[in-house]
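Report on the following structure.
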Amino acid sequence: MRTSQYLLSTQKETPSDAEVISHQLMLRAGMIRKLASGLYTWLPSGLRVLNKIADIVRDEMNKAGAIEVLMPVVQPADLWEESGRWEEYGPELLRIKDRHQRDFVLGPTHEEVITALVRNEISSYKQLPLNLYQIQTKFRDEVRPRFGIMRGREFTMKDAYSFHMDSDCLDKTYQAMYKAYSNIFTRLGLDFRAVIADSGAIGGSVSHEFHVLAASGEDDIAFSSGSDYAANVEMAEAIAPEQTAVASGQPASEKAATQQSLEAFCEENGVSLAQALKLVMVKAHSEDEQNSDNWVVLALRADHTLNEVKAEKLPGIASPLQIASEDTAAALLNCPLAFANPLALELPLVVDHSAAALVDFVCGAGKADTLLTNANWTDKPESADIRNVVAGDPSPDGNGVLDIKRGIEVGHIFQLGDKYSKAMNCGVLSESGKHQTLTMGCYGIGVSRIVAAAIEQNHDKYGIIWPDPIAPFKVALIPMNMHKSQRIMEAAERIYATLTAQGVEVLFDDRKERPGVMFNDMELIGIPHSIVIGERNLDNQQVEYKNRRSGEKQLLDIEAVSDFIASL
RNA sequence: CGGUGAGUGGCGCAGCUUGGUAGCGCACUUGUUUUGGGUACAAGGGGUCGCAGGUUCAAAUCCUGUCUCACCGACCA
């Protein structure tokens, strides 16, 4: 490709509304342009990268035995009513009407459509297992699109759905997908981790997320230093500590807490927050809708934070989690929540494992502006895991301690079970001639998000540094002052023709620009290899090669260029 | 959806307080200059100031309404 015939669209200045580096660089490098909130046009360079990622995903999916299909973006509402998600999904599901006033949705995911397809097409156990996938546009009406392509409303996703007679078979496909995903992210040249995940609203049991590690990630991931344990912090188990500390036996005493806060009190009195107890009040789970105004108090060490995903899974607690306002709590307890006494509560109490192991701790005294010191549980309370793990916690598998890093979720695999197949009556005849509901798995990859994630992980102050497999072009050909030198033009044209004939993707910068402009543009776009042709080296029949990532330069004989590039 | 802020050529911004009919940098066009890291000079094209209404002799500027966008919180590939 010649830059003179291409839409390069680079810009010097960063649009003011781009916050994260990948968004800024994608705009500056001319990869995307915003059309409206969360909606982007892919320019040629961006599309090249997107397509390369899709090709790698497709290749690995095919190798893993999945079969590609393509389903519509627009889906009839009846399918969603059948699965129950017309009600469940909420405003993120964009609902539209056609000219006959029939309801449709823009597909945020395709469980309904694929299940409807399979129930019609598949009628025998002999046709199973089956794993179908597509690479296609999804639409989710995000409350708050941000970070450019990273959380757009319209995005490209690879979604696969597998169908099985039993969970053993599902497990085999799940493992195959796990392996395929690892292969994909390895081939993409990304630093990633597979982590244990919450299956969330989609339902199901077993679930893993694939995260690209980057400081700008939106998720916290916990890793073990001593094993390959890795989990989303939402899911990482905080194991109960050994009860080693013994109470001093001194009686609890009341102290005035004029500072109004536990933190200030602890600081002033030289008490670690890890020796103090804090409380959170949440709505209790109730079968009875009419009489649902019951509350539960949760107790945590003051240096820990509540894990809402864990808490709402407890049987006595309402899901989704509803946290009581300060006023509600104070009214029920007759004193501010911060000063309520967990040792003498009328309401049900759930104590975190770590909080339960405390002795001689600080907690509320049951009246305003008063705290207890040297408090102790009268009997060791029943405890549960309701906190977020922190760096330094022991790994749940018993090996090593946890560290926490930020990750960008680029893939997610689920064992769905029969949630959709049951609701939509998707089954086949088994070997014994009986109708049997199928078991499903689903496997997603955020293809467009990977573009942004790759940039977050691969950039420097000059711009993007693409890993070779997803670079928009492999080689940038940069002739110096070609318009003034016949022999430079001839050399450049010759190299361009040779490399192109070899199947190498070359971006030939044939603009009449100053060298600095060309260098800066090619570096901004992130082309991994460049060949610079100048008078100086041409005297020796040589050109200069420069590696974008390492910055290393070396001289090459012109005749050796194509072999050198082929060897990269 | 709640909180904050912003809408002025393609991009980044000034002007608004103290109304007088729009300006700067980048980009773009033409010419000269320069030539291994975003060269310099000159000439030029392009906006009616998000939209609607109001006040006024006069509105980018004041008032009212409305739309859009971004950032911070709860959801997600």
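Just remember, in the structure tokens the first chain shown is A, the second B, etc., residues are 1-based per chain, and ligands are 1-based in the order shown.
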Task: Check: which chain A residues lie within 6 Å of chain B using only C-alpha atoms (C1' of nucleotides), as a PyMOL selection string - done: chain A and resi 17+410+445-446+516-517
Open item on the list: According to DSSP computed on the backbone, where in range 69-260 of chain A is there alpha helix (DSSP H)? Give the residues as a PyMOL selection string.
Closed with: chain A and resi 77-83+85-88+111-121+167-187
- [ ] Could you pull out the residues in range 117-357 of chain A that DSSP calls strand (DSSP E or B) from the backbone, as an NGL selection string?
- [x] :A and (124 or 130-139 or 146 or 151 or 154-164 or 192-196 or 207-213 or 219-224 or 230-232 or 253-256 or 276-284 or 295-301 or 306 or 317 or 323 or 349-352)
Open item on the list: Please list as a list of chain:residue names every residue within 9 Å of Ala238 in chain A, counting only C-alpha atoms (C1' of nucleotides) and excluding residues in the same chain fewer than 2 positions away.
Closed with: A:Ala236, A:Ala240, A:Pro241, A:His353, A:Ser354, A:Asp385, A:Ile386, A:Arg387, A:Asn388, A:Val389, A:Val390, A:Asp393, A:Pro394, A:Ser395, A:Pro396
Can you write out the residues you just picked, keeping C-alpha atoms, as a PDB file, in the first residue's frame?
ATOM      1  CA  ALA A 236     -11.137 -14.976  44.936  1.00  0.00           C
ATOM      2  CA  ALA A 240     -10.468 -18.186  57.228  1.00  0.00           C
ATOM      3  CA  PRO A 241      -7.338 -17.394  59.211  1.00  0.00           C
ATOM      4  CA  HIS A 353     -13.877 -14.867  58.708  1.00  0.00           C
ATOM      5  CA  SER A 354     -11.111 -12.382  59.457  1.00  0.00           C
ATOM      6  CA  ASP A 385     -16.311 -15.101  53.400  1.00  0.00           C
ATOM      7  CA  ILE A 386     -17.733 -11.710  52.472  1.00  0.00           C
ATOM      8  CA  ARG A 387     -14.672  -9.552  51.886  1.00  0.00           C
ATOM      9  CA  ASN A 388     -12.417  -8.773  48.947  1.00  0.00           C
ATOM     10  CA  VAL A 389      -9.048 -10.387  49.137  1.00  0.00           C
ATOM     11  CA  VAL A 390      -6.097  -8.049  49.518  1.00  0.00           C
ATOM     12  CA  ASP A 393      -3.633 -12.865  51.733  1.00  0.00           C
ATOM     13  CA  PRO A 394      -2.816 -16.562  51.592  1.00  0.00           C
ATOM     14  CA  SER A 395      -3.746 -18.255  48.334  1.00  0.00           C
ATOM     15  CA  PRO A 396      -6.945 -20.317  48.634  1.00  0.00           C
TER      16      PRO A 396
END
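Here CA of Leu79 in chain A is placed at a distance of 18.6 Å from CA of Leu132 in chain A.
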Task: For Gln457 in chain A: contacts at 12 Å, only C-alpha atoms (C1' of nucleotides), fewer than 6 positions along chain excluded, given as a PyMOL selection string - done: chain A and resi 20-22+188-192+211-217+406-408+450-451+463-467
Write a file of the selected residues as a JSON list (two decimals), in the first residue's frame, keeping N, CA and C atoms.
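Written out: out.json:
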[["chain", "number", "residue", "atom", "x", "y", "z"],
["A", 20, "VAL", "N", -8.02, 7.18, 28.10],
["A", 20, "VAL", "CA", -6.98, 6.16, 28.21],
["A", 20, "VAL", "C", -6.09, 6.17, 26.98],
["A", 21, "ILE", "N", -4.88, 5.64, 27.15],
["A", 21, "ILE", "CA", -3.86, 5.73, 26.11],
["A", 21, "ILE", "C", -4.29, 5.02, 24.82],
["A", 22, "SER", "N", -4.96, 3.89, 24.95],
["A", 22, "SER", "CA", -5.34, 3.17, 23.73],
["A", 22, "SER", "C", -6.34, 3.99, 22.91],
["A", 188, "LEU", "N", -1.70, -13.90, 19.65],
["A", 188, "LEU", "CA", -1.86, -12.45, 19.49],
["A", 188, "LEU", "C", -0.69, -11.69, 20.11],
["A", 189, "GLY", "N", 0.13, -12.40, 20.86],
["A", 189, "GLY", "CA", 1.30, -11.75, 21.45],
["A", 189, "GLY", "C", 0.97, -10.94, 22.69],
["A", 190, "LEU", "N", -0.05, -11.37, 23.43],
["A", 190, "LEU", "CA", -0.48, -10.60, 24.60],
["A", 190, "LEU", "C", -0.12, -11.29, 25.90],
["A", 191, "ASP", "N", 0.12, -10.48, 26.93],
["A", 191, "ASP", "CA", 0.36, -11.00, 28.26],
["A", 191, "ASP", "C", -1.00, -11.14, 28.93],
["A", 192, "PHE", "N", -1.44, -12.39, 29.12],
["A", 192, "PHE", "CA", -2.80, -12.61, 29.61],
["A", 192, "PHE", "C", -2.83, -13.64, 30.72],
["A", 211, "HIS", "N", -8.01, -12.39, 30.89],
["A", 211, "HIS", "CA", -7.68, -10.98, 31.06],
["A", 211, "HIS", "C", -6.33, -10.66, 30.45],
["A", 212, "VAL", "N", -6.29, -9.51, 29.78],
["A", 212, "VAL", "CA", -5.02, -8.96, 29.34],
["A", 212, "VAL", "C", -4.56, -8.04, 30.46],
["A", 213, "LEU", "N", -3.35, -8.24, 30.93],
["A", 213, "LEU", "CA", -2.88, -7.46, 32.06],
["A", 213, "LEU", "C", -2.51, -6.06, 31.62],
["A", 214, "ALA", "N", -3.09, -5.05, 32.26],
["A", 214, "ALA", "CA", -2.78, -3.66, 31.94],
["A", 214, "ALA", "C", -3.25, -2.79, 33.10],
["A", 215, "ALA", "N", -2.46, -1.78, 33.39],
["A", 215, "ALA", "CA", -2.76, -0.93, 34.54],
["A", 215, "ALA", "C", -4.11, -0.25, 34.40],
["A", 216, "SER", "N", -4.55, -0.03, 33.17],
["A", 216, "SER", "CA", -5.81, 0.68, 32.98],
["A", 216, "SER", "C", -7.02, -0.25, 33.02],
["A", 217, "GLY", "N", -6.80, -1.54, 33.30],
["A", 217, "GLY", "CA", -7.90, -2.49, 33.32],
["A", 217, "GLY", "C", -8.97, -2.12, 34.32],
["A", 406, "ARG", "N", -4.28, -5.35, 37.74],
["A", 406, "ARG", "CA", -5.44, -4.94, 36.95],
["A", 406, "ARG", "C", -5.47, -5.70, 35.63],
["A", 407, "GLY", "N", -6.67, -6.02, 35.18],
["A", 407, "GLY", "CA", -6.80, -6.73, 33.92],
["A", 407, "GLY", "C", -7.95, -6.19, 33.09],
["A", 408, "ILE", "N", -7.85, -6.40, 31.78],
["A", 408, "ILE", "CA", -8.92, -6.06, 30.85],
["A", 408, "ILE", "C", -9.54, -7.38, 30.41],
["A", 450, "ILE", "N", -10.00, -6.38, 22.08],
["A", 450, "ILE", "CA", -8.61, -6.83, 22.05],
["A", 450, "ILE", "C", -7.72, -5.78, 21.38],
["A", 451, "VAL", "N", -8.25, -5.10, 20.37],
["A", 451, "VAL", "CA", -7.46, -4.06, 19.70],
["A", 451, "VAL", "C", -6.99, -3.04, 20.73],
["A", 463, "GLY", "N", 4.10, 6.13, 20.21],
["A", 463, "GLY", "CA", 2.85, 5.58, 19.68],
["A", 463, "GLY", "C", 2.70, 4.10, 19.96],
["A", 464, "ILE", "N", 1.99, 3.46, 19.04],
["A", 464, "ILE", "CA", 1.66, 2.04, 19.19],
["A", 464, "ILE", "C", 2.86, 1.18, 18.78],
["A", 465, "ILE", "N", 3.01, 0.02, 19.41],
["A", 465, "ILE", "CA", 4.02, -0.95, 18.98],
["A", 465, "ILE", "C", 3.29, -2.28, 18.77],
["A", 466, "TRP", "N", 2.83, -2.53, 17.56],
["A", 466, "TRP", "CA", 2.03, -3.75, 17.35],
["A", 466, "TRP", "C", 2.87, -5.01, 17.45],
["A", 467, "PRO", "N", 2.30, -6.03, 18.11],
["A", 467, "PRO", "CA", 2.89, -7.36, 17.97],
["A", 467, "PRO", "C", 2.77, -7.74, 16.48]]
Task: Spatial neighbours of range 360-366 of chain A, 10 Å, only C-alpha atoms (C1' of nucleotides), chain gap at least 6 places, as a PyMOL selection string - done: chain A and resi 245-257+262+265-266+271-279+299+301-302+333-345+372-377
Open item on the list: Applying 10 Å and only C-alpha atoms (C1' of nucleotides), which residues near range 28-33 of chain B remain after dropping the ones on its own chain fewer than 6 positions away? List them as an NGL selection string.
Closed with: :B and (10 or 39-46)
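From CA of Ile32 in chain A back to CA of Glu13 in chain A, the distance works out to 14.7 Å.
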Open item on the list: So that I can see what lies close to range 500-504 of chain A, please list as a PyMOL selection string the residues with an atom at most 12 Å from it, counting only C-alpha atoms (C1' of nucleotides) and leaving out residues fewer than 5 positions away in the same chain.
Closed with: chain A and resi 1-2+468+471-477+492-495+529+561-568
